[in-house]
Every structure is written in structure tokens, then in C-alpha cells.
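Student: My structure is in input-v3.cif, and what it holds is mmCIF, C-alpha atoms and all ligand atoms:
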```
data_protein
loop_
_atom_site.group_PDB
_atom_site.id
_atom_site.type_symbol
_atom_site.label_atom_id
_atom_site.label_comp_id
_atom_site.auth_asym_id
_atom_site.auth_seq_id
_atom_site.Cartn_x
_atom_site.Cartn_y
_atom_site.Cartn_z
ATOM 1 C CA MET A 221 -11.814 10.553 20.484
ATOM 2 C CA MET A 222 -13.652 11.701 17.371
ATOM 3 C CA GLY A 223 -11.728 14.916 16.679
ATOM 4 C CA ARG A 224 -12.744 18.443 17.492
ATOM 5 C CA PRO A 225 -16.044 19.850 16.206
ATOM 6 C CA ASN A 226 -14.395 22.135 13.653
ATOM 7 C CA GLU A 227 -11.940 19.499 12.470
ATOM 8 C CA PRO A 228 -13.562 16.133 12.350
ATOM 9 C CA LEU A 229 -11.092 14.237 10.234
ATOM 10 C CA ARG A 230 -9.640 10.958 11.354
ATOM 11 C CA VAL A 231 -6.821 9.925 9.076
ATOM 12 C CA GLY A 232 -5.467 6.394 8.646
ATOM 13 C CA ARG A 233 -1.719 5.918 8.426
ATOM 14 C CA ILE A 234 -0.064 2.673 7.301
ATOM 15 C CA ASP A 235 2.215 1.410 10.049
ATOM 16 C CA TYR A 236 5.130 0.543 7.721
ATOM 17 C CA ALA A 237 8.163 2.430 6.474
ATOM 18 C CA ASN A 238 6.852 2.366 2.898
ATOM 19 C CA ALA A 239 4.258 5.016 3.758
ATOM 20 C CA TRP A 240 6.527 7.334 5.762
ATOM 21 C CA PRO A 241 7.071 9.845 2.956
ATOM 22 C CA LEU A 242 3.329 10.542 2.791
ATOM 23 C CA PHE A 243 2.952 11.005 6.533
ATOM 24 C CA HIS A 244 6.260 12.038 8.066
ATOM 25 C CA TYR A 245 5.570 15.774 7.969
ATOM 26 C CA LEU A 246 1.782 15.621 7.645
ATOM 27 C CA GLU A 247 1.002 17.057 11.051
ATOM 28 C CA ASP A 248 3.518 19.899 10.569
ATOM 29 C CA TYR A 249 1.446 21.054 7.624
ATOM 30 C CA THR A 250 -2.025 20.749 9.053
ATOM 31 C CA GLU A 251 -1.378 23.896 11.115
ATOM 32 C CA GLN A 252 -2.508 22.535 14.459
ATOM 33 C CA ALA A 253 -5.776 21.595 12.807
ATOM 34 C CA GLY A 254 -6.026 18.632 15.144
ATOM 35 C CA ILE A 255 -6.397 15.713 12.800
ATOM 36 C CA ASP A 256 -6.423 12.359 14.534
ATOM 37 C CA VAL A 257 -3.965 9.957 12.968
ATOM 38 C CA VAL A 258 -4.791 6.266 13.347
ATOM 39 C CA LEU A 259 -1.791 3.969 12.856
ATOM 40 C CA LYS A 260 -2.588 0.417 11.633
ATOM 41 C CA VAL A 261 -1.627 -2.234 9.099
ATOM 42 C CA PRO A 262 -3.322 -1.860 5.689
ATOM 43 C CA ALA A 263 -6.069 -4.489 6.151
ATOM 44 C CA GLU A 264 -7.241 -2.772 9.366
ATOM 45 C CA LEU A 265 -7.286 0.640 7.682
ATOM 46 C CA ASN A 266 -9.212 -0.832 4.742
ATOM 47 C CA ARG A 267 -11.882 -1.985 7.192
ATOM 48 C CA LEU A 268 -12.007 1.263 9.215
ATOM 49 C CA LEU A 269 -12.434 3.379 6.073
ATOM 50 C CA ARG A 270 -15.116 1.075 4.715
ATOM 51 C CA GLU A 271 -17.003 1.265 8.011
ATOM 52 C CA GLY A 272 -16.653 5.069 8.164
ATOM 53 C CA GLU A 273 -14.637 4.967 11.408
ATOM 54 C CA ILE A 274 -12.009 7.054 9.632
ATOM 55 C CA GLN A 275 -12.678 9.481 6.788
ATOM 56 C CA VAL A 276 -9.465 9.358 4.816
ATOM 57 C CA SER A 277 -6.646 6.873 4.723
ATOM 58 C CA ALA A 278 -3.777 5.338 2.889
ATOM 59 C CA VAL A 279 -5.412 2.035 1.977
ATOM 60 C CA SER A 280 -4.668 -0.978 -0.194
ATOM 61 C CA SER A 281 -5.338 -0.113 -3.857
ATOM 62 C CA TYR A 282 -7.479 -3.241 -3.935
ATOM 63 C CA ALA A 283 -9.654 -1.800 -1.134
ATOM 64 C CA TYR A 284 -10.224 1.279 -3.294
ATOM 65 C CA GLY A 285 -11.262 -1.071 -6.112
ATOM 66 C CA MET A 286 -13.790 -2.782 -3.838
ATOM 67 C CA ASN A 287 -15.338 0.545 -2.785
ATOM 68 C CA ASP A 288 -14.711 2.907 -5.705
ATOM 69 C CA GLN A 289 -18.318 4.127 -5.698
ATOM 70 C CA ASP A 290 -17.982 5.413 -2.117
ATOM 71 C CA TYR A 291 -14.416 6.704 -2.245
ATOM 72 C CA ILE A 292 -12.495 9.554 -3.856
ATOM 73 C CA LEU A 293 -8.772 9.301 -4.563
ATOM 74 C CA LEU A 294 -6.409 12.047 -3.467
ATOM 75 C CA PRO A 295 -4.412 12.809 -6.644
ATOM 76 C CA HIS A 296 -0.627 12.474 -6.989
ATOM 77 C CA LEU A 297 -0.317 10.257 -3.903
ATOM 78 C CA SER A 298 0.400 6.544 -3.793
ATOM 79 C CA VAL A 299 2.841 3.875 -2.740
ATOM 80 C CA GLY A 300 4.101 1.965 -5.764
ATOM 81 C CA SER A 301 7.093 0.733 -7.708
ATOM 82 C CA GLU A 302 8.160 0.182 -11.261
ATOM 83 C CA GLY A 303 10.132 -2.977 -10.717
ATOM 84 C CA LYS A 304 11.381 -4.294 -7.379
ATOM 85 C CA VAL A 305 9.391 -3.129 -4.360
ATOM 86 C CA ASN A 306 11.636 -4.955 -1.824
ATOM 87 C CA SER A 307 8.864 -5.407 0.748
ATOM 88 C CA ILE A 308 6.216 -7.492 -1.014
ATOM 89 C CA LEU A 309 7.908 -10.839 -1.033
ATOM 90 C CA LEU A 310 6.990 -14.454 -1.557
ATOM 91 C CA PHE A 311 9.300 -16.730 0.439
ATOM 92 C CA LEU A 312 9.443 -20.268 -0.969
ATOM 93 C CA LYS A 313 10.966 -23.426 0.443
ATOM 94 C CA GLU A 314 11.957 -24.547 -3.085
ATOM 95 C CA PRO A 315 12.556 -22.643 -6.337
ATOM 96 C CA ILE A 316 9.196 -22.164 -8.058
ATOM 97 C CA GLU A 317 10.205 -23.892 -11.340
ATOM 98 C CA GLN A 318 11.566 -26.880 -9.468
ATOM 99 C CA SER A 319 8.676 -27.367 -7.095
ATOM 100 C CA PRO A 320 5.564 -25.226 -7.672
ATOM 101 C CA PRO A 321 3.958 -24.330 -4.316
ATOM 102 C CA LYS A 322 0.683 -26.102 -3.515
ATOM 103 C CA HIS A 323 -0.110 -24.182 -0.332
ATOM 104 C CA ILE A 324 0.738 -20.535 0.143
ATOM 105 C CA ALA A 325 0.223 -18.746 3.462
ATOM 106 C CA VAL A 326 -0.669 -15.093 2.891
ATOM 107 C CA THR A 327 -0.381 -12.284 5.413
ATOM 108 C CA THR A 328 -3.681 -11.040 6.831
ATOM 109 C CA ALA A 329 -2.248 -7.483 6.779
ATOM 110 C CA SER A 330 -2.549 -7.122 2.998
ATOM 111 C CA ALA A 331 -5.222 -6.829 0.335
ATOM 112 C CA THR A 332 -3.463 -5.561 -2.804
ATOM 113 C CA SER A 333 -0.540 -7.955 -2.639
ATOM 114 C CA VAL A 334 -2.584 -11.056 -1.842
ATOM 115 C CA ASN A 335 -4.624 -10.409 -4.973
ATOM 116 C CA LEU A 336 -1.536 -9.483 -6.977
ATOM 117 C CA LEU A 337 -0.089 -12.852 -5.975
ATOM 118 C CA LYS A 338 -3.266 -14.605 -7.140
ATOM 119 C CA ILE A 339 -3.099 -12.796 -10.491
ATOM 120 C CA LEU A 340 0.588 -13.646 -10.990
ATOM 121 C CA MET A 341 0.122 -17.286 -9.960
ATOM 122 C CA LYS A 342 -2.793 -17.833 -12.301
ATOM 123 C CA LYS A 343 -1.803 -15.789 -15.318
ATOM 124 C CA TYR A 344 1.979 -15.644 -15.240
ATOM 125 C CA TYR A 345 3.075 -18.865 -13.534
ATOM 126 C CA GLU A 346 -0.079 -20.784 -14.548
ATOM 127 C CA LEU A 347 -0.396 -22.291 -11.091
ATOM 128 C CA ASP A 348 -3.423 -22.785 -8.890
ATOM 129 C CA PRO A 349 -2.241 -23.081 -5.289
ATOM 130 C CA ILE A 350 -4.417 -23.014 -2.182
ATOM 131 C CA TYR A 351 -4.146 -19.753 -0.235
ATOM 132 C CA GLU A 352 -4.305 -19.675 3.541
ATOM 133 C CA PRO A 353 -4.589 -16.353 5.388
ATOM 134 C CA ALA A 354 -2.127 -16.235 8.281
ATOM 135 C CA GLU A 355 -0.595 -13.883 10.815
ATOM 136 C CA PRO A 356 2.646 -12.469 9.399
ATOM 137 C CA ASN A 357 5.135 -14.809 11.057
ATOM 138 C CA LEU A 358 7.322 -16.538 8.512
ATOM 139 C CA GLU A 359 8.304 -19.523 10.620
ATOM 140 C CA HIS A 360 4.735 -20.343 11.587
ATOM 141 C CA MET A 361 3.530 -19.762 8.061
ATOM 142 C CA LEU A 362 6.051 -22.204 6.630
ATOM 143 C CA GLU A 363 5.160 -24.915 9.128
ATOM 144 C CA SER A 364 2.081 -25.748 7.104
ATOM 145 C CA ALA A 365 2.668 -24.053 3.727
ATOM 146 C CA ASP A 366 5.230 -24.339 0.920
ATOM 147 C CA ALA A 367 5.502 -20.593 0.570
ATOM 148 C CA ALA A 368 4.520 -17.433 2.423
ATOM 149 C CA LEU A 369 3.649 -13.888 1.374
ATOM 150 C CA LEU A 370 4.775 -11.041 3.623
ATOM 151 C CA ILE A 371 4.505 -7.291 3.115
ATOM 152 C CA GLY A 372 5.879 -4.168 4.763
ATOM 153 C CA ASP A 373 8.434 -4.108 7.567
ATOM 154 C CA PRO A 374 8.088 -7.824 8.413
ATOM 155 C CA ALA A 375 8.981 -8.648 4.781
ATOM 156 C CA ILE A 376 12.012 -6.360 4.938
ATOM 157 C CA ARG A 377 13.264 -7.936 8.169
ATOM 158 C CA GLU A 378 12.943 -11.432 6.734
ATOM 159 C CA SER A 379 14.708 -10.403 3.526
ATOM 160 C CA TRP A 380 17.763 -9.561 5.664
ATOM 161 C CA GLU A 381 17.930 -13.074 7.097
ATOM 162 C CA SER A 382 19.306 -15.866 5.052
ATOM 163 C CA LYS A 383 17.151 -18.902 5.744
ATOM 164 C CA GLY A 384 17.902 -20.706 2.517
ATOM 165 C CA LEU A 385 14.563 -19.682 1.049
ATOM 166 C CA THR A 386 13.879 -18.571 -2.503
ATOM 167 C CA VAL A 387 12.498 -15.028 -2.598
ATOM 168 C CA ILE A 388 10.256 -13.606 -5.312
ATOM 169 C CA ASP A 389 9.638 -9.842 -5.402
ATOM 170 C CA LEU A 390 6.086 -9.319 -6.676
ATOM 171 C CA GLY A 391 6.775 -5.800 -7.956
ATOM 172 C CA GLU A 392 9.628 -7.142 -10.052
ATOM 173 C CA VAL A 393 7.592 -9.993 -11.563
ATOM 174 C CA TRP A 394 4.652 -7.678 -12.335
ATOM 175 C CA ASN A 395 6.986 -5.257 -14.103
ATOM 176 C CA LEU A 396 8.831 -7.969 -16.063
ATOM 177 C CA TRP A 397 5.537 -9.461 -17.175
ATOM 178 C CA THR A 398 3.503 -6.345 -17.990
ATOM 179 C CA GLY A 399 6.207 -3.705 -18.480
ATOM 180 C CA LEU A 400 4.165 -1.521 -16.125
ATOM 181 C CA ALA A 401 4.365 0.042 -12.689
ATOM 182 C CA MET A 402 2.299 -1.321 -9.812
ATOM 183 C CA THR A 403 0.532 0.742 -7.161
ATOM 184 C CA TYR A 404 0.025 -1.008 -3.838
ATOM 185 C CA ALA A 405 -1.569 1.762 -1.806
ATOM 186 C CA VAL A 406 -3.544 4.889 -2.619
ATOM 187 C CA VAL A 407 -4.903 7.660 -0.414
ATOM 188 C CA ALA A 408 -8.689 7.525 -0.459
ATOM 189 C CA ALA A 409 -11.405 9.520 1.269
ATOM 190 C CA ARG A 410 -15.056 8.763 1.896
ATOM 191 C CA LYS A 411 -17.094 10.821 -0.582
ATOM 192 C CA GLU A 412 -19.579 12.119 1.950
ATOM 193 C CA ALA A 413 -16.781 13.305 4.235
ATOM 194 C CA VAL A 414 -15.174 15.317 1.420
ATOM 195 C CA GLU A 415 -18.546 16.908 0.692
ATOM 196 C CA SER A 416 -19.247 17.673 4.370
ATOM 197 C CA TYR A 417 -15.854 19.140 5.253
ATOM 198 C CA PRO A 418 -14.492 20.742 2.085
ATOM 199 C CA GLU A 419 -12.106 23.133 3.793
ATOM 200 C CA ALA A 420 -10.635 20.614 6.171
ATOM 201 C CA PHE A 421 -10.093 18.363 3.182
ATOM 202 C CA GLN A 422 -8.371 20.956 1.146
ATOM 203 C CA ARG A 423 -5.974 21.628 4.036
ATOM 204 C CA LEU A 424 -5.363 17.954 4.548
ATOM 205 C CA TYR A 425 -4.745 17.341 0.857
ATOM 206 C CA ARG A 426 -2.228 20.160 0.700
ATOM 207 C CA ALA A 427 -0.535 18.814 3.820
ATOM 208 C CA PHE A 428 -0.171 15.381 2.203
ATOM 209 C CA THR A 429 1.409 16.752 -0.947
ATOM 210 C CA ALA A 430 3.732 18.990 1.088
ATOM 211 C CA SER A 431 4.763 16.065 3.313
ATOM 212 C CA LYS A 432 5.467 13.927 0.291
ATOM 213 C CA GLU A 433 7.522 16.607 -1.456
ATOM 214 C CA GLN A 434 9.565 17.437 1.613
ATOM 215 C CA SER A 435 10.264 13.744 2.269
ATOM 216 C CA VAL A 436 11.256 12.905 -1.287
ATOM 217 C CA ASP A 437 13.415 16.037 -1.627
ATOM 218 C CA ASN A 438 15.512 15.035 1.361
ATOM 219 C CA LEU A 439 15.401 11.400 2.396
ATOM 220 C CA LYS A 440 18.020 11.805 5.117
ATOM 221 C CA PRO A 441 15.670 12.234 8.108
ATOM 222 C CA LEU A 442 13.606 9.226 7.014
ATOM 223 C CA ILE A 443 16.706 7.117 6.465
ATOM 224 C CA GLU A 444 17.999 7.993 9.939
ATOM 225 C CA LYS A 445 14.655 7.174 11.536
ATOM 226 C CA ALA A 446 14.510 3.853 9.662
ATOM 227 C CA CYS A 447 18.012 2.815 10.815
ATOM 228 C CA GLU A 448 17.098 3.709 14.385
ATOM 229 C CA GLN A 449 13.690 2.072 14.517
ATOM 230 C CA LEU A 450 13.984 -0.827 12.106
ATOM 231 C CA GLY A 451 17.699 -1.535 11.797
ATOM 232 C CA GLY A 452 19.621 -1.911 8.561
ATOM 233 C CA ASP A 453 22.041 0.638 7.179
ATOM 234 C CA PRO A 454 21.624 3.975 5.393
ATOM 235 C CA ALA A 455 22.463 2.468 1.980
ATOM 236 C CA TYR A 456 19.610 -0.023 2.326
ATOM 237 C CA TRP A 457 17.036 2.629 3.196
ATOM 238 C CA GLN A 458 18.288 4.971 0.494
ATOM 239 C CA MET A 459 17.731 2.152 -2.001
ATOM 240 C CA TYR A 460 14.347 1.262 -0.439
ATOM 241 C CA PHE A 461 12.838 4.742 -0.466
ATOM 242 C CA THR A 462 14.126 5.515 -3.964
ATOM 243 C CA SER A 463 12.802 2.241 -5.428
ATOM 244 C CA LEU A 464 9.339 3.192 -4.216
ATOM 245 C CA ASN A 465 7.314 5.761 -6.043
ATOM 246 C CA TYR A 466 4.854 8.119 -4.372
ATOM 247 C CA ASP A 467 3.253 9.737 -7.450
ATOM 248 C CA PHE A 468 0.045 8.653 -9.067
ATOM 249 C CA GLY A 469 0.486 9.822 -12.642
ATOM 250 C CA GLN A 470 -0.374 8.292 -15.995
ATOM 251 C CA LYS A 471 2.147 5.499 -15.618
ATOM 252 C CA GLN A 472 0.929 4.389 -12.209
ATOM 253 C CA GLN A 473 -2.718 4.636 -13.248
ATOM 254 C CA GLU A 474 -2.061 2.493 -16.282
ATOM 255 C CA GLY A 475 -0.510 -0.279 -14.170
ATOM 256 C CA LEU A 476 -3.254 -0.173 -11.569
ATOM 257 C CA THR A 477 -5.976 -0.177 -14.230
ATOM 258 C CA LEU A 478 -4.531 -3.376 -15.687
ATOM 259 C CA TYR A 479 -4.378 -4.903 -12.186
ATOM 260 C CA PHE A 480 -8.070 -4.087 -11.643
ATOM 261 C CA ARG A 481 -8.904 -5.545 -15.056
ATOM 262 C CA TYR A 482 -7.163 -8.826 -14.252
ATOM 263 C CA ALA A 483 -8.747 -8.911 -10.789
ATOM 264 C CA LYS A 484 -12.186 -8.573 -12.398
ATOM 265 C CA GLU A 485 -11.360 -11.204 -15.013
ATOM 266 C CA LEU A 486 -10.374 -13.688 -12.295
ATOM 267 C CA GLY A 487 -13.412 -12.926 -10.133
ATOM 268 C CA LEU A 488 -11.346 -11.225 -7.415
ATOM 269 C CA LEU A 489 -13.461 -8.102 -7.959
ATOM 270 C CA ASP A 490 -17.094 -8.219 -9.050
ATOM 271 C CA HIS A 491 -17.157 -4.965 -11.047
ATOM 272 C CA GLU A 492 -15.063 -2.736 -13.297
ATOM 273 C CA VAL A 493 -13.208 -0.136 -11.271
ATOM 274 C CA SER A 494 -12.972 3.508 -12.218
ATOM 275 C CA LEU A 495 -10.527 5.998 -10.766
ATOM 276 C CA HIS A 496 -12.275 9.143 -9.466
ATOM 277 C CA PHE A 497 -10.180 11.940 -8.114
ATOM 278 C CA TYR A 498 -10.696 14.707 -5.642
ATOM 279 C CA LYS A 499 -10.606 18.045 -7.464
ATOM 280 C CA GLU A 500 -9.377 21.009 -5.496
ATOM 281 C CA GLU A 501 -10.747 23.495 -8.007
ATOM 282 C CA SER A 502 -14.280 22.243 -7.442
ATOM 283 C CA LEU A 503 -14.144 23.579 -3.874
ATOM 284 C CA PRO A 504 -15.350 27.033 -2.863
ATOM 285 C CA ASN A 505 -12.431 29.415 -3.057
ATOM 286 C CA ARG A 506 -11.851 31.158 0.242
HETATM 287 C C1 LIG B 601 4.966 -1.555 -0.557
HETATM 288 C C2 LIG B 601 4.028 -2.013 0.237
HETATM 289 O O1 LIG B 601 2.768 -1.614 -0.062
HETATM 290 C C3 LIG B 601 1.643 -1.942 0.647
HETATM 291 C C4 LIG B 601 0.853 -3.095 0.358
HETATM 292 C C5 LIG B 601 -0.485 -3.144 0.668
HETATM 293 C C6 LIG B 601 -1.321 -4.354 0.408
HETATM 294 O O2 LIG B 601 -0.769 -5.367 -0.005
HETATM 295 O O3 LIG B 601 -2.542 -4.306 0.610
HETATM 296 C C7 LIG B 601 -1.090 -2.012 1.243
HETATM 297 C C8 LIG B 601 -0.385 -0.915 1.581
HETATM 298 C C9 LIG B 601 1.083 -0.841 1.458
HETATM 299 O O4 LIG B 601 1.636 -0.990 2.734
HETATM 300 C C10 LIG B 601 4.349 -2.889 1.392
HETATM 301 O O5 LIG B 601 3.528 -3.071 2.305
HETATM 302 O O6 LIG B 601 5.463 -3.389 1.439
#
```
Would you mind writing the file out in C-alpha cells?
Ligand SMILES: C=C(O[C@@H]1C=C(C(=O)O)C=C[C@H]1O)C(=O)O
Tutor:
Amino acid sequence: MMGRPNEPLRVGRIDYANAWPLFHYLEDYTEQAGIDVVLKVPAELNRLLREGEIQVSAVSSYAYGMNDQDYILLPHLSVGSEGKVNSILLFLKEPIEQSPPKHIAVTTASATSVNLLKILMKKYYELDPIYEPAEPNLEHMLESADAALLIGDPAIRESWESKGLTVIDLGEVWNLWTGLAMTYAVVAARKEAVESYPEAFQRLYRAFTASKEQSVDNLKPLIEKACEQLGGDPAYWQMYFTSLNYDFGQKQQEGLTLYFRYAKELGLLDHEVSLHFYKEESLPNR
């Protein structure tokens, strides 16, 4: 259903634990405003936002880069890390120095990380493997490839299993190489939707920031939910949620800007990306 006439917003939510802090309390703060939350993996949300099926969403940062002329970023919100991310992982049959991968299977759920992998392979490892999009199933992926990229909860689950694979954390390599943070997801809105529904947007934006603050201030409820739904122990989830960063300040913008620059340089994006932000103060004050 398209939402009620006075509250037309359909909001995309990433169906992984990494995005919980942005969304966990969102509906508590929208004051029964009746937003419709659509739960999908990032690549699906990227498509729905591009096609205008949803008006605002947590999306792959790369998807923002593809569509920056049509989108507005919600400030101070992201999913990123400065160092290990723990859920964007390349699983290799052999150590990379010993046997550089020739074929890498990459999850169809991702956009940012697939392109981050391409940047790191080309510029950091100086390798030129063939990439094959694949459903996120490690065993199947490794039947025909030397390495496989997983993101989100499937990556976490596989990182708990010891299958004798070498594991490379892309957030860690990016940080070692550039000294910068990396932002994997941003919250973006379609420009025309922000212009058409300014008040609903303002409420939604405030709800996002409140949800984020409440989550980060007290991780306990999220940690409990993660243990229940995904397994693992409280210490793991404490480490996971505190390694991730949900702000989008100077530091995060600097890292993402460099990522977009490299993506353009390698032909993964066909234009320079600029970061435009939603400005609350530009809205009518009521
Ligand atoms: C930290 C993560 O960030 C994500 C990675 C994304 C991508 O690669 O396109 C998109 C959204 C986030 O879910 C993760 O999925 O593990």
C-alpha cells in the first residue's frame, strides 16, 4: 500500500544488523505518522529508490554516487567504519600474496563494497581479477571462484565458521591504505519527495536522528536482539556495533569523497560526485 494521503513516505530499511541503530526506534519517533517501512537488502533498496518506488532509504553510498543529482543526503546519518567493519569480507581459498585470486564471486546484495573491492584490487593489490555476481552463498560461490565477497549478516555468520579460508576485511584494508574512514551506506531521499512533503520529511529526519542517538547511547537492547535473532554472544555484538560508525561528519565525508574519486578514475562512476545535504532550516517553520 502506498501510505496514507497525508503521510506518503515509504522508507527503505536495510535488512542487516549493521543498520539497526538507524531504524530500531524509528517508528516510535514518527508519532503514528504511518510511514511504510520496506525491508530489503541494499541492492534492492538502491533500485527501489532509483525507480521512485520508495522516497527515502538507507542505500549503498555508491548508489548515492550514481544518482547524486536526484538525491539529497540526510545529514549525520550513515553506516561506516574507521578500520575493521567485520561484515564486509573477502573469503579466499589461499592467502592473497601466495596465490592472487583470478575469479572473485561478489554478492548481488551490495553496491558499495563490490566497487570498494574493485578499487582495492586495482590500486592497492595491483590485481585484475574477473568479478562474477552471485547469490550470497559462500559454498556455491567458491565452487567456481577463488574468492568470494559477502556483506551484512551472511558475512558475519561465515566469519564465525572456520573453513580454513583467508579472510580480508575491506574496511581494515581501506583504512590501512588511505588512513581514512569508509562509509558503506548513507540515508538518501528523492529530491522531489523532499520538496513535495517538507513537513513529513522534517518529522522523519528527526525520527532518524533520535533513533540513532537512542541506539548508540544504550546498545543493550540491540545486542540482546542480535543474540536472539542472529546468534553469537553479547561481547561480539558489543564489538560489532561499536566498530561501526553512524555519523556522517567531516571524517566520513573525506573518506567517501576519496572513494568516489577513485571510482571515477577507474570508470566505475561516469561523473564526479558531490554531496548535497537536506537542510532543515530551509523548511517553513511551523
Ligand atoms: C557494513 C555494511 O554496510 C553495507 C554495505 C553496502 C554495500 O556494499 O552496498 C550497503 C549497505 C550496508 O549494508 C554491511 O553490509 O556489512
Student: Which distance in Å separates atom CA of A:Ala239 and atom CA of A:Trp457, to one decimal?
Tutor: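 Result for atom CA of A:Ala239 versus atom CA of A:Trp457: 13.0 Å, one decimal.
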Student: Give me, as a tab-separated table, each residue of chain A that comes within 10 Å of ligand LIG 601 (chain B), together with its shortest interatomic pair and the distance in Å at one decimal, counting all atoms listed in the file, with rows ordered by chain and rising residue number.
Tutor:
```
residue	atom	partner	partner_atom	distance
A:Arg233	CA	B:LIG601	O4	9.6
A:Ile234	CA	B:LIG601	O4	6.1
A:Asp235	CA	B:LIG601	O4	7.7
A:Tyr236	CA	B:LIG601	O4	6.3
A:Ala237	CA	B:LIG601	O6	8.2
A:Asn238	CA	B:LIG601	C1	5.6
A:Ala239	CA	B:LIG601	O4	6.6
A:Lys260	CA	B:LIG601	O4	10.0
A:Val261	CA	B:LIG601	O4	7.3
A:Pro262	CA	B:LIG601	C7	5.0
A:Ala263	CA	B:LIG601	O3	6.6
A:Leu265	CA	B:LIG601	C7	9.3
A:Asn266	CA	B:LIG601	O3	8.6
A:Ala278	CA	B:LIG601	C8	7.2
A:Val279	CA	B:LIG601	C8	5.8
A:Ser280	CA	B:LIG601	C7	4.0
A:Ser281	CA	B:LIG601	O3	6.7
A:Tyr282	CA	B:LIG601	O3	6.8
A:Ala283	CA	B:LIG601	O3	7.7
A:Ser298	CA	B:LIG601	C9	9.1
A:Val299	CA	B:LIG601	O1	6.1
A:Gly300	CA	B:LIG601	C1	6.3
A:Ser301	CA	B:LIG601	C1	7.8
A:Lys304	CA	B:LIG601	C1	9.8
A:Val305	CA	B:LIG601	C1	6.0
A:Asn306	CA	B:LIG601	O6	7.2
A:Ser307	CA	B:LIG601	O6	4.0
A:Ile308	CA	B:LIG601	O6	4.8
A:Leu309	CA	B:LIG601	O6	8.2
A:Thr327	CA	B:LIG601	O2	8.8
A:Thr328	CA	B:LIG601	O3	9.2
A:Ala329	CA	B:LIG601	O3	6.9
A:Ser330	CA	B:LIG601	O3	3.7
A:Ala331	CA	B:LIG601	O3	3.7
A:Thr332	CA	B:LIG601	O3	3.8
A:Ser333	CA	B:LIG601	O2	3.7
A:Val334	CA	B:LIG601	O2	6.2
A:Asn335	CA	B:LIG601	O2	8.1
A:Leu336	CA	B:LIG601	O2	8.1
A:Leu337	CA	B:LIG601	O2	9.6
A:Leu369	CA	B:LIG601	O2	9.7
A:Leu370	CA	B:LIG601	O6	8.0
A:Ile371	CA	B:LIG601	O6	4.4
A:Gly372	CA	B:LIG601	O6	3.4
A:Asp373	CA	B:LIG601	O6	6.8
A:Pro374	CA	B:LIG601	O6	8.7
A:Ala375	CA	B:LIG601	O6	7.2
A:Ile376	CA	B:LIG601	O6	8.0
A:Leu390	CA	B:LIG601	C1	9.9
A:Gly391	CA	B:LIG601	C1	8.7
A:Met402	CA	B:LIG601	C1	9.6
A:Thr403	CA	B:LIG601	O1	7.8
A:Tyr404	CA	B:LIG601	O1	4.7
A:Ala405	CA	B:LIG601	C8	4.5
A:Val406	CA	B:LIG601	C8	7.8
A:Val407	CA	B:LIG601	C8	9.9
A:Tyr460	CA	B:LIG601	C1	9.8
A:Ser463	CA	B:LIG601	C1	10.0
A:Leu464	CA	B:LIG601	C1	7.4
A:Asn465	CA	B:LIG601	C1	9.4
```
Student: Of the residues A:Phe497, A:Tyr249, A:Phe480, A:Tyr344, which is the one nearest to A:Glu433, using only C-alpha atoms?
Tutor: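 Checking each of A:Phe497, A:Tyr249, A:Phe480, A:Tyr344 against A:Glu433, counting only C-alpha atoms, the winner is A:Tyr249.
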Student: Suppose you want the space between atom CA of A:Glu363 and atom CA of A:Ala325; what is it in Å?
Tutor: 9.7 Å
Student: Figure out the distance between atom CA of A:Ala446 and atom CA of A:Pro295, please, to one decimal in Å.
Tutor: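 That distance, rounded to one decimal, is 26.5 Å.
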Student: I need the residue nearest A:Pro315 from this list: A:Val257, A:Val414, A:Leu246, A:Val387. Use only C-alpha atoms for the distance.
Tutor: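 Answer, going by the shortest atom-to-atom distance: A:Val387.
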Student: Just say which residues the PyMOL selection byres (((chain A and resi 268-271) around 10) and not hetatm) picks in this file, as a short mmCIF file (atom, residue, chain, number, x, y, z; two decimals) with C-alpha atoms, in the coordinates of the input.
Tutor:
```cif
data_model
loop_
_atom_site.label_atom_id
_atom_site.label_comp_id
_atom_site.auth_asym_id
_atom_site.auth_seq_id
_atom_site.Cartn_x
_atom_site.Cartn_y
_atom_site.Cartn_z
CA ARG A 230 -9.64 10.96 11.35
CA VAL A 231 -6.82 9.93 9.08
CA GLY A 232 -5.47 6.39 8.65
CA VAL A 258 -4.79 6.27 13.35
CA LYS A 260 -2.59 0.42 11.63
CA PRO A 262 -3.32 -1.86 5.69
CA ALA A 263 -6.07 -4.49 6.15
CA GLU A 264 -7.24 -2.77 9.37
CA LEU A 265 -7.29 0.64 7.68
CA ASN A 266 -9.21 -0.83 4.74
CA ARG A 267 -11.88 -1.98 7.19
CA GLY A 272 -16.65 5.07 8.16
CA GLU A 273 -14.64 4.97 11.41
CA ILE A 274 -12.01 7.05 9.63
CA GLN A 275 -12.68 9.48 6.79
CA VAL A 276 -9.46 9.36 4.82
CA SER A 277 -6.65 6.87 4.72
CA ALA A 278 -3.78 5.34 2.89
CA VAL A 279 -5.41 2.04 1.98
CA ALA A 283 -9.65 -1.80 -1.13
CA TYR A 284 -10.22 1.28 -3.29
CA MET A 286 -13.79 -2.78 -3.84
CA ASN A 287 -15.34 0.55 -2.78
CA ASP A 290 -17.98 5.41 -2.12
CA TYR A 291 -14.42 6.70 -2.24
CA ALA A 408 -8.69 7.52 -0.46
CA ALA A 409 -11.40 9.52 1.27
CA ARG A 410 -15.06 8.76 1.90
#
```
Student: Report as a VMD selection string all protein, DNA and RNA residues lying within 9 Å of A:His491, evaluated on all atoms listed in the file, omitting residues in the same chain fewer than 4 positions from it.
Tutor: chain A and resid 285 to 286 484 487
Student: For a quick check of understanding, using all atoms listed in the file, which of A:His496, A:Lys322, A:Lys432, A:Lys343 has the smallest distance to A:Asp366?
Tutor: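 Closest residue, counting all atoms listed in the file: A:Lys322.
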Student: Can you spell out as a list in words the set of residues that the PyMOL selection byres (((chain A and resi 431) around 8) and not hetatm) selects in the structure I just provided?
Tutor: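 Listing what the PyMOL selection byres (((chain A and resi 431) around 8) and not hetatm) selects in the shown file: Pro241, Leu242, Phe243, His244, Tyr245, Leu246, Tyr249, Ala427, Phe428, Thr429, Ala430, Lys432, Glu433, Gln434 and Ser435 of chain A.
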Student: Applied to this file, what does the PyMOL selection byres (((chain A and resi 358) around 8) and not hetatm) return in terms of residues, put as a list of chain:residue names?
Tutor: A:Pro356, A:Asn357, A:Glu359, A:His360, A:Met361, A:Leu362, A:Ala368, A:Leu370, A:Glu378
Student: Go through A:Gln289, A:Gln458, A:Gly384, A:Gln470 one by one, measure the shortest atom-to-atom distance of each to A:Lys445 using only C-alpha atoms, and give the residue with the smallest value.
Tutor: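 When distances to A:Lys445 are compared using only C-alpha atoms, the smallest one comes from A:Gln458.
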